[in-house]
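S.K.: The structure under discussion is supplied below as structure tokens; questions concerning it will follow.
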Amino acid sequence: MTVAPAPKASVPHVLVRYSPLLILALSWEAASRLHLVSSLALPPLSDVAQAWLELVQSGELVANGLSSLYRAGAGLALAIVVGGALGIFMAISRPVNVMLGPLVELFYPMPKSALIPVTVLWLGFGDGSKILLIFLGCMLPVTIGAYNGARGSDQHLIWSARSMGAARLRMIWDVVVPSALPELLNGVRTALALSFILLVSSELIVARQGFGYLIGYLGANGSYEAMFAVVLTVAFIGFLADRVYQAVVERVLRWRE
Amino acid sequence: MSHPAQIMIEDVSHHYRPAVGREVLALENVSLQVREREFLALLGPSGCGKSTLLYLIGGFLPIETGKISVDGQAVTGPGADRGIVFQNFALFPWKTVRKNVLYGLERQALPRPEREKRAQAFIDLVGLTGFEESYPSQLSGGMKQRVAIARTLAFDPRMLLMDEPFGALDAQTRSLMQSELLAIWEQTRKTVIFVTHDVHEAVYLAERVAVMTARPGRIKTIVDTRFNKDDPEVHRTKEFVDKVDEVWSLVRDEALKALEKRPP
């Protein structure tokens with residue numbers, strides 16, 4: 001029996017891997033140019049690229065993008081810190097678990113986009129309502145990951161740390177938190193994807209800047225090439241964020257076999 | 001006796017409460033004294049409560065009935081005077097060999113260069129020079145247990161509690177680790193309580209073997225097992241073989257009882 005050699009990440013390999021994307025791009029261009037579909041519904045990709053350059057040059061894309069990234073970043077950071085701490089406290093403290101466990105179960109399956117009008121009611125149209133929405137929407141996957149991971153902490157590791165002179169809090173930081181990390185980071189990956197969904201949908205509905213606002217504004221004004229350019233930008237940033245995140249996780253968890 | 005008892009166990013009983021099912025009496029009226037610098041083996045069939053007794057001495061489980069004191073102080077929780085080595089190694093998987101060995105030292109008021117020096121000395125002692133920056137997942141079972149032993153020795157506990165430390169190792173590694181442990185014990189002369197269900201191991205390593213009964217665990221008898229352990233052929237001497245037979249016959253009855261009691 002022979003084993004196929006592991007594929008290397010060489011330039012030709014990357015080309016092969018992403019060739020479906022290239023085919024899609026070419027079909028898009030062709031479908032539009034050959035009038036197979038209305039160029040209003042699907043403007044040619046080359047026009048979209050042109051519009052993208054103009055959006056970058058005018059500074060609109062960057063300004064709105066930075067605003068969106070700030071909101072997503074702040075909401076996500078809060079969700080990771082608060083959600084992670086919450087999950088770990090639920091795992092180590094029975095009273096906290098009894099108090100918060102049912103609430104987590106109740107709110108976890110709720111569609112978080114339903115909170116868009118609520119957060120606007122509380123914090124208005126600006127950054128605050130988006131950050132709160134992303135924080136609330138992204139917190140529970142992190143909480144549940146942290147909780148499950150922390151609960152799986154090896155009793156013998158806890159005892160080892162204690163017998164080497166670690167006080168309880170020290171032990172939690174040194175043993176329970178790293179034990180929770182793999183599942184916590186899985187929860188963060190879900191949260192990362194959720195944050196983009198919540199960001200764009202809330203900005204589409206109520207905002208004066210951001211990617212979602214720009215998509216809605218350009219669409220309403222009939223600048224469909226530019227609208228598509230922003231949609232593709234958001235898709236690309238989402239993809240890139242996930243890739244970077246996975247690389248970071250691989251580095252953080254390099255101790256695993 | 002010339003040495004005073006360092007570990008005093010008096011009339012200790014303990015119930016084991018599984019997550020499901022009814023509670024069982026794991027230990028019943030156990031009394032035992034361990035002298036300072038002594039190597040004592042706790043030997044008994046599976047499920048006889050020998051590990052439970054070790055965890056009670058370690059302060060990991062609450063003492064329900066009876067008394068355990070170490071150096072005259074009642075045990076109320078874990079402490080750095082009692083180092084523990086587990087069968088499953090219990091290394092921090094996210095820490096390198098060096099960081100694992102440093103862990104106990106970092107809890108002590110030592111200057112950093114001193115800590116690093118001590119950690120390196122114990123890594124060298126267990127023959128892992130060159131593996132300082134490896135993670136536990138990159139090591140074999142025998143190497144992992146060496147790290148665990150180095151980690152426990154490094155913070156210089158007065159007692160070593162060893163819970164079937166070589167149970168997960170293959171026969172050759174196990175035999176090597178046994179001689180190494182003896183050499184280390186002769187160098188450091190710490191009090192050792194060594195839990196095992198292996199008669200040969202107990203007789204070879206320990207000065208005294210406390211044989212436990214099947215559940216509920218009690219001390220059945222204590223056998224003196226002092227030999228000239230420096231003799232590499234000690235395993236083949238008549239004295240040693242007879243001692244193994246004697247202890248084995250004591251344990252066999254209990255192992256049979258443990259088998260009969262096992263639920264179908």
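Here's how to read the names in the structure tokens: chain A, B, ... by the order shown, residue numbers from 1 in each chain, ligand numbers from 1 in the order shown.
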Leaving out Trp255 of chain A and any residue of its chain fewer than 3 positions from it, which residues lie within 7 Å of it when counting only C-alpha atoms, given as a ChimeraX atom specification?
M.R.: /B:93-94,135
S.K.: Leu133 of chain A: which residues within 7 Å, counting only C-alpha atoms, same-chain residues fewer than 4 positions away excluded, as a ChimeraX atom specification?
M.R.: /A:115-116,119,129,137
S.K.: Keeping N, CA and C atoms, export the residues of the selection given above as a PDB file, in the first residue's frame.
M.R.:
```pdb
ATOM      1  N   LEU A 115     -32.872  41.339  19.014  1.00  0.00           N
ATOM      2  CA  LEU A 115     -32.467  42.354  19.993  1.00  0.00           C
ATOM      3  C   LEU A 115     -32.097  43.683  19.334  1.00  0.00           C
ATOM      4  N   ILE A 116     -32.047  43.720  17.991  1.00  0.00           N
ATOM      5  CA  ILE A 116     -31.613  44.955  17.311  1.00  0.00           C
ATOM      6  C   ILE A 116     -32.460  46.161  17.746  1.00  0.00           C
ATOM      7  N   THR A 119     -31.710  47.095  21.505  1.00  0.00           N
ATOM      8  CA  THR A 119     -30.461  47.797  21.811  1.00  0.00           C
ATOM      9  C   THR A 119     -30.501  49.232  21.279  1.00  0.00           C
ATOM     10  N   SER A 129     -25.144  50.851  20.567  1.00  0.00           N
ATOM     11  CA  SER A 129     -26.161  49.813  20.379  1.00  0.00           C
ATOM     12  C   SER A 129     -25.596  48.615  19.618  1.00  0.00           C
ATOM     13  N   GLY A 137     -25.029  38.995  21.697  1.00  0.00           N
ATOM     14  CA  GLY A 137     -25.224  37.897  20.757  1.00  0.00           C
ATOM     15  C   GLY A 137     -24.073  36.908  20.729  1.00  0.00           C
TER      16      GLY A 137
END
```
S.K.: Give me the residues of chain A that have any atom at most 6 Å from an atom of chain B; for each, the nearest atom pair and the distance in Å, rounded to one decimal. Use only C-alpha atoms, sort by chain and number, and format it as JSON lines.
M.R.:
```
{"residue": "A:His156", "atom": "CA", "partner": "B:Ala90", "partner_atom": "CA", "distance": 5.8}
{"residue": "A:Leu157", "atom": "CA", "partner": "B:Ala90", "partner_atom": "CA", "distance": 5.3}
{"residue": "A:Ser163", "atom": "CA", "partner": "B:Gly79", "partner_atom": "CA", "distance": 5.0}
{"residue": "A:Met164", "atom": "CA", "partner": "B:Gly104", "partner_atom": "CA", "distance": 4.7}
{"residue": "A:Gly165", "atom": "CA", "partner": "B:Ala80", "partner_atom": "CA", "distance": 5.2}
{"residue": "A:Trp255", "atom": "CA", "partner": "B:Trp94", "partner_atom": "CA", "distance": 5.3}
{"residue": "A:Glu257", "atom": "CA", "partner": "B:Ser137", "partner_atom": "CA", "distance": 5.4}
```
S.K.: Step one, run DSSP on the backbone; step two, keep only residues of segment 64-211 of chain B assigned to strand (DSSP E or B); then write them as a list in words.
M.R.: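 So, restricting segment 64-211 of chain B to strand (DSSP E or B), we get Thr65, Gly66, Lys67, Ile68, Ser69, Val70, Gln73, Ala74, Arg82, Gly83, Ile84, Val85, Phe86, Met159, Leu160, Leu161, Met162, Asp163, Thr191, Val192, Ile193, Phe194, Val195, Thr196, Arg208, Val209, Ala210 and Val211 of chain B.
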S.K.: Pick out the closest residue to Val195 of chain B from this set: B:Ala171, B:Ile7, B:Leu42, B:Val209. Count only C-alpha atoms.
M.R.: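 Using only C-alpha atoms, the shortest distance to Val195 of chain B belongs to B:Leu42.
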S.K.: Just want the 8 Å neighbourhood of Arg208 of chain B, counted on only C-alpha atoms, with same-chain residues fewer than 6 positions away dropped. Output as an MDAnalysis selection string.
M.R.: chainID B and resid 39:41 222:226
S.K.: Show me, as a PyMOL selection string, the residues that have an atom within 10 Å of Pro232 of chain B when counting only C-alpha atoms, minus same-chain residues fewer than 4 positions from it.
M.R.: chain B and resi 179+228+236
S.K.: Tell me which protein, DNA and RNA residues are within 9 Å of Val192 of chain B, counting only C-alpha atoms, leaving out same-chain ones fewer than 4 positions away, and put them as a list in words.
M.R.: Val34, Glu36, Arg37, Glu38, Phe39, Leu40, Ala41, Arg158, Met159, Leu160, Leu161, Met162, Trp185 and Ala206 of chain B
S.K.: Do you have the atom CA of Val70 of chain B-atom CA of Gln6 of chain B distance handy?
M.R.: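 Separation of atom CA of Val70 of chain B and atom CA of Gln6 of chain B: 5.7 Å.
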S.K.: Tell me, in Å to one decimal, how far atom CA of Val126 of chain B is from atom CA of Ala183 of chain B.
M.R.: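 Distance reported for this atom pair: 10.6 Å.
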